[in-house]
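Undergrad: Dropping a structure here in structure tokens format, bear with me for questions.
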Amino acid sequence: MAHLLGAEGISLAFPTKDVFDDVTVGLDEGDRVGVVGRNGDGKSTLLRILAGRQQPDSGRVTVRGGTRIGMLDQADRLPDDETIHHAVVGDRAEHEWAGDAKVRDVVRGLLGDLPWDARIGDLSGGQRRRVALAALLSREWDVVFLDEPTNHLDVEGVAWLAQHLRSRWPRTQGGLVVVTHDRWFLDEVSTATWEVHDGVVEPFEGGYAAYVLQRVERDRMAAASEARRQNLMRKELAWLRRGAPARTSKPKFRIDAANALIADVPPVRDRVALEQLATSRLGKDVVDLEGVSVAYPDASGEPREVLRDVTWRIAPGERTGVLGVNGAGKSTLLGVVAGTVAPTSGRVKTGKTVRIAVLDQRLAELDDIASDRVADVVARQRASYRVGGGAELTPGQLLERLGFTNAQLSTSVKDLSGGQKRRLQLLLILLDEPNVLILDEPTNDLDTDMLAAMEDLLDSWPGTLLVVSHDRYLLERVTDQQYAVLGGHFRHLPGGVDEYLSLRSQFLSFQAVPERPKVTPQRADGGTAQPPALGGAERRAAEKELAAIERRMAKLAEAVAEQHAAFAAADQSDYAQLQRLQAALAALEAESAELDERWLEVGELLER
């Protein structure tokens, strides 16, 4: 494959740290590289050097002639007075960019909810970030560098971006280098991984999962080598003391396949033990929501329902992830659970022993201790913390598990990095020993190693865990089931995130999607107009689907009744037959539940 660019023997040092020492890397046509490493080890610096935006102290970067390089960095470079339209497509005529399928896809995928003629200065930080990403992706590049592109994207946006990057170039063309903490995204787009650590860049084959396997193999081999060296030293010491060589035997460690690396590793969580511990701490009652609805006034002052008739009985030890687009009502739902949001109707029942803690995005609980040293803050907390297996950890041991060094203990809280503050916030919450923990976007400012450390700590936490996150990897890693807030309704997702994305895709297929974003219509009084009603073709399609759903629901009701009759007539000692009947009944009931939800969604569309 043809060479695109490369760095040869680059070194770079800051006053307090050597960042790179004689690093050589290259990028060829067809390479898709994910960059991982601890915060502060130089991932973003590496991208800037390769893109020509920063010069190393020594070494050189070579680029093939004519190679077009585009980069999304973490700095906001958009002028406040520019419009979204001009930032994304510039001065190109509408027929020119609108006729380009790639540009239309970028606009729909990233900017479909934004007014096309809005000023950049009027946008939020996350919206500006999406505009910058869209402006980059709407142009042609041979090499694209992306620094944290998934920040401010929801689950759908991350899935769209992964699909776009996979199909942007033919398989053997183009080059991509991406820095991100989103491990699911890394696996979707990367064919190679660079780990930046201790002044070097270490290459691995494959995406994040393959990188983890190779890193475990490397670390185990290093550990085995060190163990052999220490055994030799102990034998030498024994000979010196006794005057004769000791007779020893050494265990051998061989790796035959990737699965052998984890064959002796237990499951990440002992679900039964954790549920038993949670029940002992919580009792049987946690929080029950029965028929809960929440409404807020819209721009015209009319009430708009965010949640509709939600029933959710949260169990001891339950680990649930909550999905939904921004504004769907996820935070409102968790506010109802935490008692900070009062429902408009319905009932909330909280168990007597329940102690709820919320890890949110604001870090507000650190404000009062901003000038204190980390060591002093920790010293005021509990002397020990009991993890799920019964072992006790001191606060210092917890700090170590969360990546703090001894030197950082003397640092003031206000001088910590964003990721360190996030980890300290989690530590203080855990030391307070809640039995219900709500995590609202907990992955902000954390690198992949620290995310793994946090997940490892949560694996042994014996309580009820509720998580809202756009980080798909974390959501699937720390929770055992997922729900979604869709159209105000709370829906179980037996198929997880994939089922959610499928449902959202079906829902959006019945909305009129313009070829480009339109300016949001305004009423004469300055308020925002309601979404337009379905057009003739869309309405006919929706009515046709609604009729088909109702016919299928009737047939399913008959099938369920027949299945129950088959149960009654079956030989109750024939467990194999009973199991088959149960599986068939479960499939029918699952399909019925999906149809019920879709019937509600299509009905709402037709009411416009």
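Labels for the structure tokens follow display order: chains A, B, ..., residues from 1 in each chain, ligands from 1.
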Show me, as a ChimeraX atom specification, the residues that have an atom within 12 Å of Val212 (chain A) when counting only C-alpha atoms, minus same-chain residues fewer than 4 positions from it.

TA: /A:36,183,186-187,192-195,204-208,216-219,258,261-262,448-449,452

Undergrad: Next, write the just-selected residues to a file, as a CSV table (one decimal), in the first residue's frame, keeping C-alpha atoms as the atom set.

TA:
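Okay, this is what ended up in out18.csv:
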chain,number,residue,atom,x,y,z
A,36,VAL,CA,-5.1,5.3,23.1
A,183,ARG,CA,-13.9,2.0,23.1
A,186,LEU,CA,-12.5,2.4,18.4
A,187,ASP,CA,-13.5,-1.2,17.6
A,192,ALA,CA,-4.7,-0.8,14.1
A,193,THR,CA,-4.1,0.8,17.5
A,194,TRP,CA,-1.2,3.0,18.7
A,195,GLU,CA,-0.7,3.1,22.4
A,204,PHE,CA,-0.9,-3.1,17.9
A,205,GLU,CA,-2.9,-4.9,15.3
A,206,GLY,CA,-6.7,-4.5,15.2
A,207,GLY,CA,-9.1,-2.3,17.2
A,208,TYR,CA,-9.6,-1.9,20.9
A,216,VAL,CA,-2.6,-8.7,28.3
A,217,GLU,CA,-0.3,-11.1,26.5
A,218,ARG,CA,2.6,-8.6,26.6
A,219,ASP,CA,2.1,-7.9,30.2
A,258,ALA,CA,-6.5,-15.4,22.6
A,261,LEU,CA,-5.5,-15.4,28.0
A,262,ILE,CA,-8.8,-15.1,29.8
A,448,THR,CA,-9.4,4.3,28.5
A,449,ASP,CA,-7.2,3.0,31.3
A,452,ALA,CA,-11.4,0.3,32.9

Undergrad: Find the spatial neighbours of Gly418 (chain A), counting only C-alpha atoms, within a cut-off of 9 Å - ignore same-chain residues fewer than 3 positions away - and output them as a ChimeraX atom specification.

TA: /A:421-423,444-446

Undergrad: Identify which of the residues A:Gly335, A:Gly70, A:Pro56, A:Gly40 lies closest to Leu289 (chain A), counting only C-alpha atoms when measuring atom-to-atom distances.

TA: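 Once distances to Leu289 (chain A) are computed over only C-alpha atoms, the minimum belongs to A:Gly335.
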
Undergrad: Tell me which protein, DNA and RNA residues are within 6 Å of Leu146 (chain A), counting only C-alpha atoms, leaving out same-chain ones fewer than 4 positions away, and put them as JSON, numbers by chain.

TA: {"A": [71, 72, 178]}

Undergrad: The selected residues should be written to file as a PDB file, in the first residue's frame (atoms: N, CA and C atoms).

TA:
ATOM      1  N   MET A  71      -8.054  18.014   9.787  1.00  0.00           N
ATOM      2  CA  MET A  71      -7.948  17.679  11.206  1.00  0.00           C
ATOM      3  C   MET A  71      -9.036  18.358  12.017  1.00  0.00           C
ATOM      4  N   LEU A  72      -9.621  17.585  12.925  1.00  0.00           N
ATOM      5  CA  LEU A  72     -10.509  18.115  13.963  1.00  0.00           C
ATOM      6  C   LEU A  72      -9.745  18.051  15.273  1.00  0.00           C
ATOM      7  N   VAL A 178      -7.481   8.487  14.808  1.00  0.00           N
ATOM      8  CA  VAL A 178      -8.493   9.034  15.715  1.00  0.00           C
ATOM      9  C   VAL A 178      -8.085   8.799  17.169  1.00  0.00           C
TER      10      VAL A 178
END

Undergrad: Hey, can you check how far CA of Val196 (chain A) sits from CA of Gln55 (chain A)?

TA: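 So the two atoms, CA of Val196 (chain A) and CA of Gln55 (chain A), lie 17.8 Å apart.
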
Undergrad: What's around Val560 (chain A) at 10 Å? Count only C-alpha atoms, leave out sequence neighbours fewer than 3 positions away in its own chain, and write the answer as a list in words.

TA: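 Near neighbours after the sequence-gap exclusion: Lys555, Leu556, Ala557, Gln563, His564, Ala565, Ala566, Ala584, Leu585, Ala586, Ala587, Leu588, Glu589 and Ser592 of chain A.
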
Undergrad: For region 13-26 of chain A, list every protein, DNA or RNA residue within 10 Å, evaluated using only C-alpha atoms, and leave out those in the same chain fewer than 6 positions away; present the list as a VMD selection string.

TA: chain A and resid 3 to 7 40 to 43 45 to 46 50 56 to 63 194 196 to 203

Undergrad: Give me, as a list in words, all polymer residues having an atom no more than 8 Å from Glu82 (chain A), counting only C-alpha atoms and skipping those fewer than 2 positions away in the same chain.

TA: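 Residues near the query, excluding close chain neighbours: Leu78, Pro79, Asp80, Ile84, His86, Ala87, Arg119, Ile120 and Gly121 of chain A.
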